[in-house]
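Structure below is model.csv: CSV, C-alpha atoms.
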chain,number,residue,atom,x,y,z
A,23,MET,CA,-7.8,-22.4,-6.2
A,24,ILE,CA,-10.2,-19.7,-4.8
A,25,PRO,CA,-11.3,-17.1,-7.3
A,26,SER,CA,-10.0,-13.6,-6.6
A,27,ASP,CA,-13.6,-12.3,-6.1
A,28,HIS,CA,-14.0,-14.8,-3.3
A,29,PHE,CA,-10.5,-14.2,-1.9
A,30,VAL,CA,-11.0,-10.5,-1.6
A,31,ARG,CA,-14.4,-11.0,0.2
A,32,PHE,CA,-12.7,-13.5,2.5
A,33,TYR,CA,-9.9,-11.2,3.6
A,34,ASN,CA,-12.3,-8.3,3.9
A,35,GLU,CA,-14.1,-10.4,6.5
A,36,VAL,CA,-10.8,-11.4,8.1
A,37,PHE,CA,-9.9,-7.6,8.4
A,38,LYS,CA,-13.3,-7.0,10.1
A,39,PHE,CA,-12.7,-9.9,12.5
A,40,LEU,CA,-9.2,-8.9,13.4
A,41,ASP,CA,-10.1,-5.2,13.8
A,42,LYS,CA,-12.8,-6.1,16.4
A,43,ARG,CA,-10.0,-7.8,18.3
A,44,ASP,CA,-7.3,-5.1,17.8
A,45,GLY,CA,-5.3,-7.6,15.7
A,46,LEU,CA,-4.9,-5.8,12.4
A,47,ARG,CA,-1.4,-4.4,13.2
A,48,ASP,CA,-0.1,-7.8,14.2
A,49,TYR,CA,-1.6,-9.3,11.0
A,50,TYR,CA,0.0,-6.5,8.8
A,51,ASP,CA,3.4,-7.0,10.5
A,52,GLU,CA,3.3,-10.8,9.8
A,53,ILE,CA,2.4,-10.2,6.1
A,54,SER,CA,5.2,-7.7,5.9
A,55,ARG,CA,7.7,-10.2,7.3
A,56,HIS,CA,6.5,-12.7,4.6
A,57,GLN,CA,7.0,-10.1,1.9
A,58,ASP,CA,10.6,-9.8,3.0
A,59,PHE,CA,11.1,-13.0,1.1
A,60,HIS,CA,9.8,-11.5,-2.1
A,61,CYS,CA,10.9,-7.9,-1.9
A,62,ARG,CA,13.5,-7.0,0.7
A,63,LYS,CA,16.7,-7.9,-1.3
A,64,LEU,CA,15.3,-6.2,-4.5
A,65,PHE,CA,14.3,-3.1,-2.6
A,66,LYS,CA,17.5,-2.9,-0.6
A,67,GLU,CA,19.9,-3.5,-3.5
A,68,LYS,CA,18.1,-1.5,-6.2
A,69,GLY,CA,16.1,1.1,-4.1
A,70,LEU,CA,13.4,2.9,-6.0
A,71,GLU,CA,14.4,1.1,-9.2
A,72,GLY,CA,13.7,-2.2,-7.4
A,73,VAL,CA,10.3,-1.0,-6.1
A,74,GLU,CA,9.4,0.1,-9.6
A,75,GLU,CA,10.4,-3.3,-11.0
A,76,TYR,CA,8.3,-5.1,-8.4
A,77,TYR,CA,5.2,-3.0,-9.0
A,78,ARG,CA,5.4,-3.3,-12.8
A,79,LYS,CA,5.0,-7.0,-12.3
A,80,ILE,CA,2.2,-6.6,-9.7
A,81,ARG,CA,0.4,-4.3,-12.1
A,82,VAL,CA,0.1,-7.1,-14.6
A,83,GLU,CA,-0.4,-10.0,-12.2
A,84,GLU,CA,-3.2,-8.2,-10.3
A,85,ASN,CA,-4.7,-6.4,-13.3
A,86,CYS,CA,-4.3,-3.0,-11.7
A,87,ASP,CA,-5.2,0.2,-13.4
A,88,MET,CA,-2.1,1.8,-12.0
A,89,ASP,CA,0.4,4.4,-13.2
A,90,ILE,CA,4.0,4.2,-12.2
A,91,GLU,CA,6.1,7.3,-12.6
A,92,ARG,CA,9.5,8.6,-11.5
A,93,LEU,CA,9.3,12.1,-10.0
A,94,GLY,CA,12.8,13.4,-10.0
A,95,GLY,CA,15.7,11.4,-8.7
A,96,HIS,CA,14.4,10.5,-5.2
A,97,GLU,CA,10.7,9.8,-5.6
A,98,LEU,CA,8.5,7.1,-7.2
A,99,LEU,CA,4.8,7.7,-7.7
A,100,LEU,CA,2.3,4.8,-7.7
A,101,ARG,CA,-1.2,6.0,-8.6
A,102,MET,CA,-3.9,3.3,-8.3
A,103,ASN,CA,-6.6,4.7,-10.6
A,104,ARG,CA,-8.9,1.8,-9.8
A,105,CYS,CA,-8.0,-0.6,-7.1
A,106,PRO,CA,-9.2,-4.1,-8.1
A,107,SER,CA,-9.2,-5.3,-4.5
A,108,LEU,CA,-11.3,-2.4,-3.0
A,109,SER,CA,-13.6,-2.5,-6.0
A,110,LYS,CA,-14.4,-6.1,-5.2
A,111,ALA,CA,-14.8,-5.4,-1.5
A,112,ILE,CA,-17.2,-2.5,-2.3
A,113,ASP,CA,-19.2,-4.7,-4.6
A,114,ASN,CA,-20.0,-7.0,-1.7
A,115,ASP,CA,-23.3,-7.0,0.1
A,116,ALA,CA,-21.4,-7.5,3.4
A,117,GLY,CA,-19.7,-4.1,3.0
A,118,ALA,CA,-16.0,-3.2,3.1
A,119,CYS,CA,-14.1,-3.2,6.3
A,120,PRO,CA,-13.8,0.5,7.5
A,121,LYS,CA,-10.0,0.0,7.6
A,122,TYR,CA,-9.8,-1.9,4.3
A,123,CYS,CA,-7.5,0.6,2.6
A,124,LEU,CA,-4.9,0.4,5.5
A,125,HIS,CA,-3.8,-3.1,4.4
A,126,CYS,CA,-1.4,-1.8,1.7
A,127,PRO,CA,0.4,0.7,3.9
A,128,GLY,CA,0.1,-1.8,6.7
A,129,TRP,CA,2.4,-4.3,5.1
A,130,VAL,CA,4.6,-2.0,3.0
A,131,HIS,CA,5.5,0.5,5.6
A,132,PRO,CA,7.5,-1.9,7.9
A,133,LEU,CA,9.2,-3.3,4.8
A,134,TYR,CA,10.1,0.1,3.4
A,135,THR,CA,11.4,1.1,6.8
A,136,ARG,CA,13.6,-2.0,7.0
A,137,VAL,CA,15.2,-1.1,3.6
A,138,GLY,CA,15.6,2.7,4.2
A,139,LEU,CA,12.8,4.0,2.1
A,140,TYR,CA,10.1,6.6,3.1
A,141,ASP,CA,6.5,6.3,2.1
A,142,VAL,CA,3.6,8.7,1.9
A,143,TYR,CA,0.1,7.2,1.1
A,144,ASP,CA,-2.7,9.4,0.0
A,145,LEU,CA,-5.8,7.3,0.7
A,146,LYS,CA,-9.0,8.4,-0.9
A,147,GLY,CA,-11.3,6.4,1.2
A,148,LEU,CA,-13.8,3.5,0.9
A,149,ASP,CA,-16.1,5.4,-1.5
A,150,GLU,CA,-13.3,5.8,-4.1
A,151,PRO,CA,-11.3,2.7,-5.0
A,152,ALA,CA,-8.1,4.7,-5.7
A,153,CYS,CA,-5.1,5.9,-3.9
A,154,THR,CA,-1.7,7.5,-4.5
A,155,GLU,CA,1.6,6.4,-3.0
A,156,TYR,CA,4.9,8.2,-3.0
A,157,ILE,CA,8.0,6.2,-2.2
A,158,CYS,CA,11.2,8.2,-1.5
A,159,ASP,CA,14.8,7.4,-0.8
A,160,ASP,CA,15.3,10.8,0.8
A,161,LEU,CA,13.5,11.7,4.0
A,162,GLU,CA,13.4,15.4,3.2
A,163,VAL,CA,11.7,14.7,-0.1
A,164,ALA,CA,9.2,12.5,1.7
A,165,ARG,CA,8.5,15.2,4.3
A,166,ALA,CA,8.0,17.8,1.6
A,167,ARG,CA,5.5,15.5,-0.2
A,168,ARG,CA,3.6,14.8,3.0
A,169,ASP,CA,3.4,18.6,3.9
A,170,GLU,CA,2.2,19.4,0.4
A,171,LEU,CA,-0.6,16.7,0.6
A,172,LEU,CA,-1.6,17.9,4.1
A,173,LYS,CA,-2.5,21.3,2.6
A,174,ILE,CA,-5.1,19.7,0.4
A,175,ARG,CA,-6.2,16.5,2.2
A,176,PRO,CA,-7.4,15.6,5.7
A,177,LYS,CA,-4.6,14.3,7.8
A,178,GLU,CA,-6.5,11.0,8.3
A,179,GLN,CA,-6.0,10.3,4.6
A,180,ILE,CA,-2.2,10.8,4.7
A,181,ILE,CA,-0.3,7.7,6.0
A,182,CYS,CA,3.5,7.8,6.4
A,183,ASN,CA,6.1,5.4,7.7
A,184,PHE,CA,8.0,8.3,9.3
A,185,GLU,CA,7.2,11.0,11.9

Encoded form (structure tokens):
Amino acid sequence: MIPSDHFVRFYNEVFKFLDKRDGLRDYYDEISRHQDFHCRKLFKEKGLEGVEEYYRKIRVEENCDMDIERLGGHELLLRMNRCPSLSKAIDNDAGACPKYCLHCPGWVHPLYTRVGLYDVYDLKGLDEPACTEYICDDLEVARARRDELLKIRPKEQIICNFE
């Protein structure tokens, strides 16, 4: 089995390779289709509760410094305080792919769209291995969150799966 440090470095280089060939979107879409097997039924049947259940397992499996919090009845907050993946990519003499942080929203956005959930990512950037994600089951709640974030963050850092 390949150690996680090497795996992260490997897919960081894959991201760079695919980005030069305009292939990242296709790659993310394929990963998303594979994640259907693991998540779609859970997310569709349990909604935000299913998403929370999934990420509580991921937090342990991937040793993430991540907070998971329900914000009212229609919104789930995932705050990645220190992304283990980006941290390893940064600690790499080859440098992180400029679009490295797009891999999470890249695969989850199509999946959330397929199950009727709305997502707002607040990406901090490659210099800070942290991000915040808001998953909503109500479009108006998601729009309000996006609009709130756009008042304090550059629009390039706010990634949504809706208009």

message: So that I can check the surroundings of Leu98 of chain A, please list as a ChimeraX atom specification every protein, DNA and RNA residue that reaches within 7 Å of it, counting all atoms listed in the file and ignoring chain neighbours fewer than 6 positions away.
response: /A:70,91-92,156-158

task: May I have the protein, DNA and RNA residues with any atom at most 10 Å from the point (-9.4, -2.3, -6.0), counting all atoms listed in the file, written as a ChimeraX atom specification?
output: /A:30,84-87,102-112,123,150-153

query: Suppose you want the space between atom CA of Lys66 of chain A and atom CA of His125 of chain A; what is it in Å?
result: 21.9 Å

Show me, as a tab-separated table, the residues of segment 111-182 of chain A having an atom within 8 Å of segment 43-52 of chain A, each with the closest atom pair and its distance in Å, using all atoms listed in the file.
residue	atom	partner	partner_atom	distance
A:His125	CA	A:Tyr50	CA	6.7
A:Gly128	CA	A:Tyr50	CA	5.1
A:Trp129	CA	A:Tyr50	CA	4.9
A:Pro132	CA	A:Asp51	CA	7.0

Resulting file, chosen residues, C-alpha atoms, as a tab-separated table (two decimals), in the frame of the given file:
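Saved the output as selection02.tsv:
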chain	number	residue	atom	x	y	z
A	125	HIS	CA	-3.80	-3.10	4.40
A	128	GLY	CA	0.10	-1.80	6.70
A	129	TRP	CA	2.40	-4.30	5.10
A	132	PRO	CA	7.50	-1.90	7.90

- prompt: Given the choices A:Ile53, A:Val142, A:Leu100, A:Ala166, which gets closest to Cys182 of chain A if the distance is worked out from all atoms listed in the file?
  reply: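 Among the listed residues, the smallest separation from Cys182 of chain A belongs to A:Val142.
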
- prompt: Using all atoms listed in the file, which of A:Cys61, A:Pro176, A:Leu124, A:Asp159 sits nearest Ile80 of chain A?
  reply: A:Cys61

message: When you count only C-alpha atoms, which of these residues is closest to Lys42 of chain A: A:Met88, A:Cys126, A:Cys119, A:Leu139?
response: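 Among A:Met88, A:Cys126, A:Cys119, A:Leu139, it is A:Cys119 that comes nearest to Lys42 of chain A.
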
Given only C-alpha atoms as the counted atoms, nearest of A:Phe32, A:Asp141, A:Gly72, A:Leu133 to Phe59 of chain A: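 Of A:Phe32, A:Asp141, A:Gly72, A:Leu133, the one nearest Phe59 of chain A is A:Leu133, counting only C-alpha atoms.
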
message: Measuring between only C-alpha atoms, which one of A:Arg165, A:His56, A:Lys121, A:Lys79 shows the shortest distance to Glu35 of chain A?
response: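 Looking at the shortest contact to Glu35 of chain A, the residue is A:Lys121.
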
Atomic separation - atom CA of Tyr134 of chain A relative to atom CA of Ser54 of chain A, Å: 9.5 Å

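Here atom CA of His96 of chain A is placed at a distance of 28.8 Å from atom CA of Tyr122 of chain A.
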
Since fewer atoms than expected are present, regenerate N, CA and C atoms for segment 90-103 of chain A and write them as a PDB file, in the coordinates of the input.
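Printed below is rebuild.pdb as written:
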ATOM      1  N   ILE A  90       2.740   4.199 -12.898  1.00  0.00           N
ATOM      2  CA  ILE A  90       4.000   4.200 -12.200  1.00  0.00           C
ATOM      3  C   ILE A  90       4.889   5.235 -12.840  1.00  0.00           C
ATOM      4  N   GLU A  91       5.399   6.169 -12.039  1.00  0.00           N
ATOM      5  CA  GLU A  91       6.100   7.300 -12.600  1.00  0.00           C
ATOM      6  C   GLU A  91       7.267   7.725 -11.678  1.00  0.00           C
ATOM      7  N   ARG A  92       8.417   7.985 -12.238  1.00  0.00           N
ATOM      8  CA  ARG A  92       9.500   8.600 -11.500  1.00  0.00           C
ATOM      9  C   ARG A  92       9.325  10.068 -11.408  1.00  0.00           C
ATOM     10  N   LEU A  93       9.420  10.616 -10.212  1.00  0.00           N
ATOM     11  CA  LEU A  93       9.300  12.100 -10.000  1.00  0.00           C
ATOM     12  C   LEU A  93      10.653  12.542  -9.513  1.00  0.00           C
ATOM     13  N   GLY A  94      11.478  13.015 -10.396  1.00  0.00           N
ATOM     14  CA  GLY A  94      12.800  13.400 -10.000  1.00  0.00           C
ATOM     15  C   GLY A  94      13.664  12.228  -9.642  1.00  0.00           C
ATOM     16  N   GLY A  95      14.775  12.461  -8.993  1.00  0.00           N
ATOM     17  CA  GLY A  95      15.700  11.400  -8.700  1.00  0.00           C
ATOM     18  C   GLY A  95      15.441  10.632  -7.408  1.00  0.00           C
ATOM     19  N   HIS A  96      14.531  11.135  -6.554  1.00  0.00           N
ATOM     20  CA  HIS A  96      14.400  10.500  -5.200  1.00  0.00           C
ATOM     21  C   HIS A  96      12.958  10.119  -4.899  1.00  0.00           C
ATOM     22  N   GLU A  97      12.086  10.057  -5.902  1.00  0.00           N
ATOM     23  CA  GLU A  97      10.700   9.800  -5.600  1.00  0.00           C
ATOM     24  C   GLU A  97      10.041   8.966  -6.720  1.00  0.00           C
ATOM     25  N   LEU A  98       9.255   7.983  -6.298  1.00  0.00           N
ATOM     26  CA  LEU A  98       8.500   7.100  -7.200  1.00  0.00           C
ATOM     27  C   LEU A  98       7.025   7.295  -6.877  1.00  0.00           C
ATOM     28  N   LEU A  99       6.206   7.495  -7.895  1.00  0.00           N
ATOM     29  CA  LEU A  99       4.800   7.700  -7.700  1.00  0.00           C
ATOM     30  C   LEU A  99       4.076   6.379  -8.193  1.00  0.00           C
ATOM     31  N   LEU A 100       3.194   5.858  -7.345  1.00  0.00           N
ATOM     32  CA  LEU A 100       2.300   4.800  -7.700  1.00  0.00           C
ATOM     33  C   LEU A 100       0.880   5.322  -7.570  1.00  0.00           C
ATOM     34  N   ARG A 101       0.184   5.472  -8.681  1.00  0.00           N
ATOM     35  CA  ARG A 101      -1.200   6.000  -8.600  1.00  0.00           C
ATOM     36  C   ARG A 101      -2.129   4.859  -9.013  1.00  0.00           C
ATOM     37  N   MET A 102      -2.877   4.386  -8.036  1.00  0.00           N
ATOM     38  CA  MET A 102      -3.900   3.300  -8.300  1.00  0.00           C
ATOM     39  C   MET A 102      -5.145   4.047  -8.722  1.00  0.00           C
ATOM     40  N   ASN A 103      -5.401   3.987 -10.023  1.00  0.00           N
ATOM     41  CA  ASN A 103      -6.600   4.700 -10.600  1.00  0.00           C
ATOM     42  C   ASN A 103      -7.864   3.939 -10.253  1.00  0.00           C
TER      43      ASN A 103
END
